[in-house]
>>> print(open('entry_23.txt').read())   # compact mmCIF, C-alpha atoms
# COMPACT_ATOMS: atom_id res chain seq x y z
CA MET A 1 -8.44 -22.95 -36.83
CA SER A 2 -11.75 -23.40 -35.11
CA ASN A 3 -10.35 -24.53 -31.77
CA TYR A 4 -10.36 -20.99 -30.43
CA TRP A 5 -12.55 -20.24 -27.43
CA PRO A 6 -16.19 -19.20 -27.92
CA TRP A 7 -16.76 -15.48 -27.39
CA TRP A 8 -18.27 -15.81 -23.91
CA ALA A 9 -15.29 -17.79 -22.59
CA GLY A 10 -12.94 -15.12 -23.93
CA ALA A 11 -15.05 -12.37 -22.38
CA ILE A 12 -15.05 -14.06 -18.97
CA GLY A 13 -11.29 -14.72 -19.21
CA LEU A 14 -10.36 -11.12 -20.08
CA ALA A 15 -12.75 -9.74 -17.47
CA LEU A 16 -11.40 -12.03 -14.74
CA VAL A 17 -7.81 -11.01 -15.48
CA THR A 18 -8.60 -7.28 -15.41
CA ILE A 19 -10.82 -7.40 -12.31
CA SER A 20 -8.57 -9.63 -10.22
CA TYR A 21 -5.51 -7.54 -11.13
CA THR A 22 -7.28 -4.35 -10.06
CA LEU A 23 -8.55 -5.84 -6.80
CA THR A 24 -5.27 -7.46 -5.76
CA THR A 25 -2.91 -4.63 -6.67
CA ASP A 26 -5.06 -1.46 -6.49
CA ARG A 27 -3.75 -0.62 -9.92
CA SER A 28 -5.05 -0.63 -13.47
CA LEU A 29 -3.77 -3.33 -15.81
CA GLY A 30 -1.85 -1.82 -18.71
CA VAL A 31 0.54 -3.66 -20.97
CA SER A 32 1.89 -0.66 -22.89
CA SER A 33 2.72 1.06 -19.62
CA ALA A 34 4.57 -2.06 -18.46
CA TRP A 35 6.56 -2.01 -21.71
CA ASP A 36 7.30 1.68 -21.33
CA ARG A 37 8.57 1.36 -17.79
CA VAL A 38 10.58 -1.80 -18.41
CA LEU A 39 12.27 -0.16 -21.42
CA HIS A 40 13.15 2.87 -19.30
CA TRP A 41 14.10 0.79 -16.29
CA ARG A 42 17.11 2.94 -15.39
CA THR A 43 15.02 6.08 -15.02
CA GLU A 44 12.23 4.14 -13.34
CA ARG A 45 14.58 2.50 -10.80
CA HIS A 46 16.01 5.93 -10.00
CA LEU A 47 12.49 7.29 -9.42
CA GLU A 48 11.64 4.27 -7.26
CA ARG A 49 14.72 4.89 -5.10
CA LEU A 50 13.81 8.59 -4.77
CA ASP A 51 10.32 7.52 -3.80
CA ALA A 52 11.62 5.14 -1.13
CA GLN A 53 13.84 7.94 0.20
CA PHE A 54 10.88 10.33 0.36
CA THR A 55 8.89 7.69 2.22
CA ASP A 56 11.74 7.21 4.72
CA ASP A 57 12.09 10.97 5.18
CA ARG A 58 8.39 11.30 5.72
CA ALA A 59 8.34 8.45 8.23
CA LEU A 60 11.15 10.16 10.15
CA THR A 61 9.35 13.51 10.11
CA ASP A 62 6.11 11.83 11.17
CA ALA A 63 7.93 10.17 14.09
CA LEU A 64 9.51 13.50 15.12
CA VAL A 65 6.14 15.27 14.91
CA ALA A 66 4.52 12.53 17.01
CA ALA A 67 7.30 12.69 19.62
CA THR A 68 7.07 16.48 19.76
CA ALA A 69 3.31 16.32 20.13
CA GLU A 70 3.66 13.80 22.93
CA HIS A 71 6.15 16.01 24.74
CA PHE A 72 4.57 19.43 24.26
CA GLY A 73 0.96 18.55 23.46
CA THR A 74 -0.84 19.23 20.18
CA PHE A 75 -2.16 22.56 18.92
CA PRO A 76 -4.91 23.11 16.45
CA GLY A 77 -3.62 24.43 13.16
CA ALA A 78 -0.30 22.65 13.46
CA PRO A 79 1.64 22.88 10.21
CA THR A 80 1.10 19.97 7.89
CA LEU A 81 3.80 18.32 5.87
CA PRO A 82 4.46 19.51 2.37
CA ASN A 83 3.68 16.52 0.17
CA ALA A 84 3.56 18.17 -3.22
CA ALA A 85 7.09 17.21 -4.26
CA HIS A 86 6.61 13.66 -3.05
CA GLU A 87 3.41 13.18 -4.96
CA ASP A 88 4.90 14.74 -8.04
CA ALA A 89 7.68 12.18 -8.00
CA THR A 90 5.35 9.22 -7.72
CA THR A 91 2.72 9.88 -10.36
CA HIS A 92 4.85 8.96 -13.34
CA GLY A 93 4.25 6.14 -15.74
CA GLN A 94 0.64 5.19 -15.12
CA ASP A 95 -0.83 3.64 -18.21
CA VAL A 96 -4.10 5.38 -17.61
CA GLY A 97 -2.79 8.59 -16.12
CA PRO A 98 -2.34 9.74 -12.56
CA THR A 99 -4.80 8.65 -9.94
CA SER A 100 -6.00 10.36 -6.81
CA GLY A 101 -7.31 9.45 -3.41
CA ALA A 102 -6.31 6.43 -1.37
CA SER A 103 -9.43 4.71 -0.11
CA ALA A 104 -11.04 2.87 -3.01
CA PRO A 105 -9.48 0.30 -5.34
CA VAL A 106 -7.53 1.73 -8.30
CA ALA A 107 -6.34 4.52 -6.07
CA SER A 108 -2.64 3.86 -5.78
CA ARG A 109 -0.52 6.78 -6.88
CA ARG A 110 2.52 4.61 -7.40
CA PRO A 111 2.94 2.47 -10.50
CA ALA A 112 3.77 -1.18 -9.88
CA PRO A 113 7.51 -1.71 -9.31
CA VAL A 114 9.33 -2.06 -12.61
CA VAL A 115 10.52 -5.59 -11.73
CA THR A 116 6.92 -6.77 -11.41
CA GLN A 117 6.06 -5.26 -14.80
CA ALA A 118 8.95 -7.13 -16.41
CA ALA A 119 7.50 -10.26 -14.79
CA LEU A 120 4.12 -9.40 -16.35
CA LEU A 121 5.61 -9.31 -19.87
CA LEU A 122 7.52 -12.59 -19.37
CA SER A 123 4.41 -14.24 -17.95
CA ILE A 124 2.38 -13.19 -21.00
CA PHE A 125 4.95 -15.07 -23.08
CA LEU A 126 4.66 -18.18 -20.89
CA GLY A 127 0.87 -18.06 -20.82
CA GLY A 128 0.75 -17.67 -24.61
CA TRP A 129 3.16 -20.56 -25.08
CA VAL A 130 1.12 -22.87 -22.84
CA ALA A 131 -2.04 -21.94 -24.75
CA ALA A 132 -0.39 -22.59 -28.13
CA VAL A 133 1.04 -25.94 -27.06
CA THR A 134 -2.07 -27.22 -25.29
CA GLY A 135 -4.26 -25.99 -28.16
CA GLY A 136 -2.07 -27.83 -30.69
CA ARG A 137 -1.28 -24.58 -32.49
CA PHE A 138 2.41 -24.24 -31.66
CA LYS A 139 4.58 -24.31 -34.77
CA LEU A 140 7.91 -22.54 -35.34
CA ARG A 141 7.60 -20.62 -38.58
CA PHE A 142 9.18 -17.76 -40.47
CA ASP A 143 5.93 -16.24 -41.76
CA MET A 144 2.89 -14.65 -40.09
CA GLY A 145 0.35 -17.14 -41.41
CA SER A 146 -1.91 -17.39 -44.45
CA GLY A 147 -4.05 -14.37 -43.50
CA PHE A 148 -1.07 -12.04 -43.44
CA ARG A 149 0.25 -13.49 -46.70
CA GLU A 150 -3.04 -12.97 -48.53
CA LEU A 151 -4.03 -9.63 -47.03
CA VAL A 152 -0.74 -7.78 -46.59
CA THR A 153 2.20 -9.30 -48.42
CA ALA A 154 3.72 -12.61 -49.46
CA ASN A 155 7.19 -11.10 -49.81
CA SER A 156 9.25 -11.76 -46.69
CA THR A 157 11.35 -8.57 -46.97
CA THR A 158 8.21 -6.46 -47.28
CA MET A 159 6.74 -8.42 -44.36
CA ILE A 160 9.70 -7.48 -42.14
CA GLY A 161 9.28 -3.82 -43.11
CA VAL A 162 5.51 -3.84 -42.50
CA LEU A 163 5.88 -5.56 -39.13
CA PHE A 164 8.59 -3.13 -38.02
CA ILE A 165 6.67 -0.01 -39.11
CA GLY A 166 3.48 -1.44 -37.60
CA GLY A 167 5.34 -2.10 -34.35
CA VAL A 168 6.72 1.44 -34.24
CA LEU A 169 3.20 2.85 -34.83
CA VAL A 170 1.83 0.62 -32.04
CA GLY A 171 4.58 1.58 -29.59
CA PHE A 172 4.50 5.29 -30.37
CA GLY A 173 0.71 5.47 -30.65
CA THR A 174 -0.12 3.64 -27.44
CA ARG A 175 2.22 5.80 -25.37
CA LEU A 176 1.02 9.01 -27.04
CA ALA A 177 -2.60 8.03 -26.37
CA GLY A 178 -1.65 6.95 -22.82
CA GLY A 179 -2.77 3.34 -23.14
CA CYS A 180 -3.51 0.36 -25.33
CA SER A 181 -6.21 -2.27 -25.70
CA SER A 182 -5.69 -3.41 -22.09
CA GLY A 183 -5.12 -0.06 -20.35
CA HIS A 184 -7.70 2.01 -22.26
CA GLY A 185 -9.78 -0.80 -23.76
CA LEU A 186 -10.36 -3.09 -20.78
CA SER A 187 -9.44 -1.19 -17.58
CA GLY A 188 -10.34 2.31 -18.79
CA CYS A 189 -13.59 1.48 -20.60
CA GLY A 190 -14.48 -0.79 -17.66
CA GLN A 191 -14.32 2.29 -15.44
CA LEU A 192 -16.25 4.31 -18.06
CA ARG A 193 -13.42 6.88 -18.24
CA PRO A 194 -14.20 9.39 -21.01
CA VAL A 195 -10.58 9.53 -22.23
CA SER A 196 -10.42 5.71 -22.49
CA ILE A 197 -13.75 5.45 -24.31
CA LEU A 198 -12.58 8.10 -26.78
CA ALA A 199 -9.19 6.43 -27.30
CA THR A 200 -10.75 2.98 -27.72
CA ALA A 201 -13.33 4.25 -30.20
CA VAL A 202 -10.63 6.00 -32.25
CA PHE A 203 -8.10 3.14 -32.31
CA PHE A 204 -10.77 0.56 -33.02
CA GLY A 205 -12.36 2.73 -35.72
CA THR A 206 -9.00 3.34 -37.37
CA ALA A 207 -8.15 -0.37 -37.26
CA VAL A 208 -11.52 -1.15 -38.89
CA LEU A 209 -10.85 1.37 -41.65
CA VAL A 210 -7.32 0.13 -42.34
CA SER A 211 -8.44 -3.52 -42.21
CA PHE A 212 -11.18 -2.86 -44.77
CA LEU A 213 -8.59 -1.15 -47.00
CA LEU A 214 -6.29 -4.18 -46.71
CA TRP A 215 -9.16 -6.59 -47.37
CA LYS A 216 -10.96 -4.84 -50.21
CA VAL A 217 -8.55 -2.40 -51.82
CA ILE A 218 -4.91 -3.33 -51.43
CA MET B 1 -2.01 -7.27 -1.27
CA ARG B 2 0.04 -4.09 -1.48
CA THR B 3 3.49 -5.46 -0.68
CA ARG B 4 6.17 -5.76 -3.35
CA GLY B 5 6.00 -9.56 -3.24
CA GLY B 6 2.23 -9.51 -3.47
CA VAL B 7 2.27 -7.20 -6.47
CA LEU B 8 4.91 -9.43 -8.10
CA VAL B 9 2.76 -12.54 -7.65
CA ALA B 10 -0.33 -10.70 -8.93
CA ASN B 11 1.58 -9.57 -12.03
CA ILE B 12 2.85 -13.08 -12.75
CA ILE B 13 -0.63 -14.58 -12.41
CA ALA B 14 -2.18 -11.80 -14.49
CA GLY B 15 0.48 -12.21 -17.19
CA LEU B 16 0.04 -15.99 -17.39
CA ALA B 17 -3.75 -15.68 -17.51
CA LEU B 18 -3.68 -12.81 -20.02
CA GLY B 19 -1.26 -14.58 -22.36
CA PHE B 20 -3.24 -17.82 -22.11
CA THR B 21 -6.59 -16.07 -22.69
CA VAL B 22 -5.46 -13.77 -25.52
CA ALA B 23 -3.85 -16.71 -27.36
CA ASN B 24 -6.91 -18.94 -26.91
CA ILE B 25 -9.28 -16.22 -28.13
CA GLY B 26 -7.14 -15.98 -31.26
CA PHE B 27 -5.85 -12.41 -31.09
CA GLY B 28 -2.43 -13.66 -32.20
CA ASP B 29 -3.90 -14.98 -35.46
CA TYR B 30 -3.71 -12.27 -38.14
CA ALA B 31 -6.51 -13.82 -40.22
CA GLU B 32 -8.87 -13.88 -37.21
CA LEU B 33 -7.92 -10.29 -36.35
CA ASN B 34 -8.71 -9.03 -39.85
CA ARG B 35 -12.04 -10.90 -39.79
CA MET B 36 -12.85 -9.14 -36.52
CA PHE B 37 -11.95 -5.66 -37.78
CA THR B 38 -13.93 -6.20 -41.00
CA PHE B 39 -16.91 -7.63 -39.07
CA GLN B 40 -16.81 -10.92 -41.00
CA ASP B 41 -16.61 -12.75 -37.67
CA LEU B 42 -17.90 -11.14 -34.49
CA ARG B 43 -16.52 -13.78 -32.11
CA MET B 44 -13.38 -11.90 -31.00
CA PHE B 45 -15.20 -8.56 -31.02
CA LEU B 46 -17.86 -10.01 -28.72
CA ALA B 47 -15.15 -11.45 -26.46
CA PHE B 48 -13.64 -7.98 -26.08
CA ALA B 49 -16.95 -6.12 -25.78
CA GLY B 50 -18.33 -8.78 -23.45
CA ALA B 51 -15.27 -8.43 -21.20
CA VAL B 52 -15.76 -4.65 -21.06
CA GLY B 53 -19.44 -5.19 -20.21
CA ILE B 54 -18.61 -7.58 -17.34
CA ILE B 55 -15.90 -5.24 -16.02
CA VAL B 56 -18.26 -2.22 -16.09
CA VAL B 57 -20.88 -4.12 -14.06
CA VAL B 58 -18.40 -5.60 -11.54
CA PHE B 59 -16.49 -2.32 -11.06
CA ALA B 60 -19.79 -0.50 -10.51
CA LEU B 61 -21.00 -3.12 -8.01
CA ILE B 62 -17.83 -3.07 -5.90
CA GLY B 63 -17.39 0.68 -6.26
CA VAL B 64 -14.05 0.89 -8.02
CA ARG B 65 -13.12 4.53 -8.26
CA ARG B 66 -12.47 5.90 -11.72
CA THR B 67 -8.86 6.90 -12.32
CA PRO B 68 -9.05 10.48 -13.53
CA GLY B 69 -7.50 11.24 -16.87
CA ARG B 70 -7.63 14.33 -18.99
CA ILE B 71 -8.36 14.12 -22.70
CA HIS B 72 -5.09 15.66 -23.87
CA ALA B 73 -3.85 16.52 -27.35
CA GLY B 74 -2.08 13.17 -27.76
CA VAL B 75 -5.10 10.90 -27.30
CA ILE B 76 -6.65 11.04 -30.78
CA PRO B 77 -3.44 11.13 -32.86
CA GLY B 78 -1.96 8.38 -30.67
CA ALA B 79 -5.06 6.20 -31.06
CA VAL B 80 -5.04 6.71 -34.85
CA LEU B 81 -1.39 5.63 -35.06
CA PHE B 82 -2.03 2.67 -32.77
CA GLY B 83 -5.11 1.55 -34.72
CA THR B 84 -3.18 1.70 -38.00
CA GLY B 85 -0.24 -0.21 -36.54
CA TRP B 86 -2.53 -2.84 -35.03
CA ALA B 87 -4.37 -3.43 -38.31
CA ILE B 88 -1.23 -3.79 -40.45
CA SER B 89 1.04 -5.71 -38.06
CA GLY B 90 -1.59 -7.55 -36.03
CA GLY B 91 -0.01 -6.47 -32.76
CA CYS B 92 -1.07 -4.44 -29.80
CA PRO B 93 1.69 -4.35 -27.17
CA ALA B 94 0.80 -7.79 -25.72
CA ILE B 95 -0.03 -9.66 -28.93
CA PRO B 96 3.44 -9.91 -30.57
CA ILE B 97 4.65 -11.57 -27.35
CA VAL B 98 1.88 -14.16 -27.71
CA GLN B 99 2.66 -14.54 -31.43
CA VAL B 100 6.32 -15.31 -30.74
CA ALA B 101 5.23 -17.72 -28.00
CA SER B 102 3.01 -19.47 -30.59
CA GLY B 103 5.96 -19.87 -32.95
CA TYR B 104 5.49 -16.86 -35.27
CA LEU B 105 9.15 -15.78 -35.27
CA PRO B 106 8.73 -12.64 -37.48
CA ALA B 107 6.71 -11.13 -34.61
CA LEU B 108 10.12 -10.50 -33.00
CA VAL B 109 10.41 -7.70 -35.59
CA THR B 110 7.07 -6.30 -34.41
CA ILE B 111 8.40 -6.35 -30.84
CA ALA B 112 11.55 -4.52 -31.99
CA GLY B 113 9.29 -1.92 -33.63
CA VAL B 114 7.20 -1.53 -30.47
CA ILE B 115 10.39 -1.00 -28.44
CA VAL B 116 11.65 1.66 -30.87
CA GLY B 117 8.22 3.35 -30.95
CA ILE B 118 7.89 3.51 -27.17
CA ARG B 119 11.39 4.93 -26.72
CA LEU B 120 10.79 7.38 -29.56
CA CYS B 121 7.56 8.58 -27.94
CA ARG B 122 9.14 9.29 -24.57
CA TRP B 123 12.02 11.09 -26.26
CA ALA B 124 9.74 13.08 -28.57
CA ASN B 125 7.42 14.02 -25.74
CA ALA B 126 10.28 15.31 -23.61
CA LYS B 127 11.74 17.26 -26.52
CA TYR B 128 8.74 18.47 -28.53
CA PHE B 129 5.24 17.61 -27.31
CA HIS B 130 5.49 18.36 -23.59
CA LEU B 131 2.18 16.63 -22.99
CA ASP B 132 0.83 16.15 -19.51
CA ARG B 133 1.55 13.05 -17.42
CA GLY B 134 -0.25 9.90 -18.43
CA SER B 135 1.07 10.26 -21.93
CA CYS B 136 4.36 8.57 -22.83
CA GLY B 137 4.71 7.81 -19.14
CA LEU B 138 5.92 11.32 -18.36
>>> encode(input="entry_23.txt", output="C-alpha cells")
Amino acid sequence: MSNYWPWWAGAIGLALVTISYTLTTDRSLGVSSAWDRVLHWRTERHLERLDAQFTDDRALTDALVAATAEHFGTFPGAPTLPNAAHEDATTHGQDVGPTSGASAPVASRRPAPVVTQAALLLSIFLGGWVAAVTGGRFKLRFDMGSGFRELVTANSTTMIGVLFIGGVLVGFGTRLAGGCSSGHGLSGCGQLRPVSILATAVFFGTAVLVSFLLWKVI
Amino acid sequence: MRTRGGVLVANIIAGLALGFTVANIGFGDYAELNRMFTFQDLRMFLAFAGAVGIIVVVFALIGVRRTPGRIHAGVIPGAVLFGTGWAISGGCPAIPIVQVASGYLPALVTIAGVIVGIRLCRWANAKYFHLDRGSCGL
C-alpha cells in the first residue's frame, strides 16, 4: 500500500487541477455542486433555457437601443436595462455561492452547463480507474478494505447501512454547507474566503473527532 | 475559454486529472483516510494542505477575485454532518466514484446515499430552511 504518491506530488496535482479549472472556465471547481446540478438536471435545464431566452431578449433590446441611438442620437441619462430578473435567474447552483463582477477570473455568474458537470463526474470515474489500474491497485471486491473492516465493521449488512447513512450525511451536509472538500476546501480556501475556511475547519475537525472515536473507542 | 465546448473540454480534463490524482494520493483507501484524520500519517494531510498553500499563492499572484459568500446558518451544521459522513463512510462527493473505479463495489451504496442526501437537502431547504443561495444550490 506504499505505492501512493508522496505528499508534494499530491499537493502539486490537486493545485494544478484547481488552478487550471479556474483559469480556463472562470468558475470554481466544486464536485458537490456538480452532483447537485446533475441530479436536478430537469430543473437546471429549464433554468438554462430561461437564461438563453433572457440573453436573446437582451441582445434584441440592445440591438434596438443601438439602432434607435443611431437614428435619433444618444442622450445622457438614457434608461438602462433592468437586469435584476436576469441575474436572479442565473445565480443558482454555484458550489461556493453567487459571484459578482465580470472582469477577473472566478467572476462568471453562470454555473457551468449541467452537461459539462455530468462529464466532470464521469471523468473522475475514468481518471480514478486509470490510476487504480496503472498503480496495480485495481481489484473487484465486495468489501471496503481491511481498514474499514477493523475500524468500522466486519459485518457486510452493517457495512451497507454505515455506507448509506454516511453517504446521506455527506450529500446533505455538503449541500447545506454550500460545498465540499473541493469547493470549500481547495477552491474556497485557496481564495481565502472566510465561509470556506470556516466550513473546512469544521468538517475537518468533525472528521478528526469521529475518526479518533472509531479508532480508539468503538 | 468561455464557450460551451471549451467548458466541456475543461471539465473532462479536470475530472480525469482529479480522479487520477485523488486515487493516487490514496483518498479512496479507508485505512489511509483514517490514518490522516487521526494524524498517524501526515502524508495525505500535507498533500491537501500543500495544495491549498500553492493555490493561495498562485491565486494571489494572478489576482483571482474572491467569490463572495455569506456565512449562513447552514454552514456549520452542514460541515458537521459532512465531516461525520466522511469519517464513517470514507467518502466526500468525489471519493466514492474513485472507490468504485478502483473496484470497491460497496461504494455504490455510498453514492446512492450521497444522491439521496443531496436531493433531500434541496427539498428540505425549499420546504423548511429557506436558506440563501449558495446552499443546497438554491
>>> residues_around(input="entry_23.txt", residues="Ile124 in chain A", least_positions_apart="3", cutoff="8 Å", atoms="only C-alpha atoms", output="list in words")
Leu120, Leu121, Gly127 and Gly128 of chain A; Gly15, Leu16, Ala17, Leu18, Gly19, Phe20, Ala94, Ile97 and Val98 of chain B
>>> residues_around(input="entry_23.txt", residues="range 198-208 of chain A", least_positions_apart="4", cutoff="8 Å", atoms="only C-alpha atoms", output="ChimeraX atom specification")
/A:177,181,184-185,189,194,212 /B:37-38,75-76,79-87
>>> write_last_selection(input="entry_23.txt", atoms="C-alpha atoms", output="short mmCIF file (atom, residue, chain, number, x, y, z; two decimals), in the coordinates of the input")
data_model
loop_
_atom_site.label_atom_id
_atom_site.label_comp_id
_atom_site.auth_asym_id
_atom_site.auth_seq_id
_atom_site.Cartn_x
_atom_site.Cartn_y
_atom_site.Cartn_z
CA ALA A 177 -2.60 8.03 -26.37
CA SER A 181 -6.21 -2.27 -25.70
CA HIS A 184 -7.70 2.01 -22.26
CA GLY A 185 -9.78 -0.80 -23.76
CA CYS A 189 -13.59 1.48 -20.60
CA PRO A 194 -14.20 9.39 -21.01
CA PHE A 212 -11.18 -2.86 -44.77
CA PHE B 37 -11.95 -5.66 -37.78
CA THR B 38 -13.93 -6.20 -41.00
CA VAL B 75 -5.10 10.90 -27.30
CA ILE B 76 -6.65 11.04 -30.78
CA ALA B 79 -5.06 6.20 -31.06
CA VAL B 80 -5.04 6.71 -34.85
CA LEU B 81 -1.39 5.63 -35.06
CA PHE B 82 -2.03 2.67 -32.77
CA GLY B 83 -5.11 1.55 -34.72
CA THR B 84 -3.18 1.70 -38.00
CA GLY B 85 -0.24 -0.21 -36.54
CA TRP B 86 -2.53 -2.84 -35.03
CA ALA B 87 -4.37 -3.43 -38.31
#
>>> closest_residue(input="entry_23.txt", among="A:Ala63, A:Leu23, A:Leu16, A:Leu163", to="chain B", atoms="all atoms listed in the file")
A:Leu163
>>> residues_around(input="entry_23.txt", residues="Thr22 in chain A", least_positions_apart="4", cutoff="9 Å", atoms="all atoms listed in the file", output="NGL selection string")
(:A and (17-18 or 26-29 or 105-106 or 187)) or (:B and (64))
>>> closest_residue(input="entry_23.txt", among="A:Thr55, A:Ser33, A:Ser211, A:Thr134", to="Gly147 in chain A", atoms="only C-alpha atoms")
A:Ser211
>>> closest_residue(input="entry_23.txt", among="A:Val152, A:Val170, A:Ala52, A:Cys180", to="Leu214 in chain A", atoms="all atoms listed in the file")
A:Val152
>>> residues_around(input="entry_23.txt", residues="range 34-38 of chain A", least_positions_apart="2", cutoff="10 Å", atoms="all atoms listed in the file", output="PyMOL selection string")
(chain A and resi 29-32+40-45+92-95+111-121+171+174-175) or (chain B and resi 93-94+114-115+117-119+121-122+136-137)
>>> closest_residue(input="entry_23.txt", among="A:Ile218, A:Leu213, A:Val65, A:Leu126", to="chain B", atoms="only C-alpha atoms")
A:Leu126
>>> atom_distance(input="entry_23.txt", atom1="CA of Gly179 in chain A", atom2="CA of Ala10 in chain B")
20.1 Å
>>> residues_around(input="entry_23.txt", residues="range 11-13 of chain A", least_positions_apart="2", cutoff="7 Å", atoms="all atoms listed in the file", output="PDB file with C-alpha atoms, keeping the file's coordinate frame")
ATOM      1  CA  TRP A   7     -16.760 -15.480 -27.390  1.00  0.00           C
ATOM      2  CA  TRP A   8     -18.270 -15.810 -23.910  1.00  0.00           C
ATOM      3  CA  ALA A   9     -15.290 -17.790 -22.590  1.00  0.00           C
ATOM      4  CA  ALA A  15     -12.750  -9.740 -17.470  1.00  0.00           C
ATOM      5  CA  LEU A  16     -11.400 -12.030 -14.740  1.00  0.00           C
ATOM      6  CA  VAL A  17      -7.810 -11.010 -15.480  1.00  0.00           C
TER       7      VAL A  17
ATOM      8  CA  THR B  21      -6.590 -16.070 -22.690  1.00  0.00           C
ATOM      9  CA  ALA B  47     -15.150 -11.450 -26.460  1.00  0.00           C
ATOM     10  CA  PHE B  48     -13.640  -7.980 -26.080  1.00  0.00           C
ATOM     11  CA  GLY B  50     -18.330  -8.780 -23.450  1.00  0.00           C
ATOM     12  CA  ALA B  51     -15.270  -8.430 -21.200  1.00  0.00           C
TER      13      ALA B  51
END
>>> closest_residue(input="entry_23.txt", among="A:Ala67, A:Leu60, A:Ala154, A:Leu14", to="chain B", atoms="all atoms listed in the file")
A:Leu14
>>> closest_residue(input="entry_23.txt", among="A:Ser156, A:Ser20, A:Ser123, A:Ser196", to="chain B", atoms="only C-alpha atoms")
A:Ser123
>>> atom_distance(input="entry_23.txt", atom1="CA of Tyr21 in chain A", atom2="CA of Ser182 in chain A")
11.7 Å
>>> atom_distance(input="entry_23.txt", atom1="CA of Ala131 in chain A", atom2="CA of Ser102 in chain B")
8.1 Å
>>> axis_aligned_box(input="entry_23.txt", around="range 16-21 of chain B", padding_each_side="8 Å", output="AutoDock Vina command-line options")
--center_x -3.3 --center_y -15.3 --center_z -20.0 --size_x 22.6 --size_y 21.0 --size_z 21.3
>>> build_atoms(input="entry_23.txt", residues="range 173-189 of chain A", atoms="N, CA and C atoms", output="short mmCIF file (atom, residue, chain, number, x, y, z; two decimals), in the coordinates of the input")
data_model
loop_
_atom_site.label_atom_id
_atom_site.label_comp_id
_atom_site.auth_asym_id
_atom_site.auth_seq_id
_atom_site.Cartn_x
_atom_site.Cartn_y
_atom_site.Cartn_z
N GLY A 173 2.12 5.09 -30.78
CA GLY A 173 0.71 5.47 -30.65
C GLY A 173 0.14 5.18 -29.27
N THR A 174 0.45 3.98 -28.74
CA THR A 174 -0.12 3.64 -27.44
C THR A 174 0.40 4.57 -26.35
N ARG A 175 1.68 4.93 -26.41
CA ARG A 175 2.22 5.80 -25.37
C ARG A 175 1.72 7.23 -25.56
N LEU A 176 1.54 7.65 -26.81
CA LEU A 176 1.02 9.01 -27.04
C LEU A 176 -0.43 9.10 -26.55
N ALA A 177 -1.20 8.03 -26.80
CA ALA A 177 -2.60 8.03 -26.37
C ALA A 177 -2.72 7.70 -24.89
N GLY A 178 -1.63 7.25 -24.26
CA GLY A 178 -1.65 6.95 -22.82
C GLY A 178 -2.21 5.59 -22.48
N GLY A 179 -2.28 4.67 -23.46
CA GLY A 179 -2.77 3.34 -23.14
C GLY A 179 -3.06 2.53 -24.38
N CYS A 180 -3.28 1.24 -24.19
CA CYS A 180 -3.51 0.36 -25.33
C CYS A 180 -4.84 -0.37 -25.14
N SER A 181 -4.95 -1.53 -25.77
CA SER A 181 -6.21 -2.27 -25.70
C SER A 181 -6.48 -2.81 -24.29
N SER A 182 -5.43 -2.99 -23.47
CA SER A 182 -5.69 -3.41 -22.09
C SER A 182 -5.90 -2.21 -21.17
N GLY A 183 -5.01 -1.21 -21.25
CA GLY A 183 -5.12 -0.06 -20.35
C GLY A 183 -6.34 0.80 -20.62
N HIS A 184 -6.52 1.21 -21.90
CA HIS A 184 -7.70 2.01 -22.26
C HIS A 184 -8.90 1.11 -22.51
N GLY A 185 -8.67 0.04 -23.30
CA GLY A 185 -9.78 -0.80 -23.76
C GLY A 185 -10.48 -1.53 -22.64
N LEU A 186 -9.72 -2.28 -21.82
CA LEU A 186 -10.36 -3.09 -20.78
C LEU A 186 -10.51 -2.31 -19.46
N SER A 187 -9.37 -1.87 -18.88
CA SER A 187 -9.44 -1.19 -17.58
C SER A 187 -10.19 0.13 -17.69
N GLY A 188 -9.78 0.96 -18.68
CA GLY A 188 -10.34 2.31 -18.79
C GLY A 188 -11.81 2.31 -19.16
N CYS A 189 -12.17 1.54 -20.20
CA CYS A 189 -13.59 1.48 -20.60
C CYS A 189 -14.40 0.82 -19.48
#
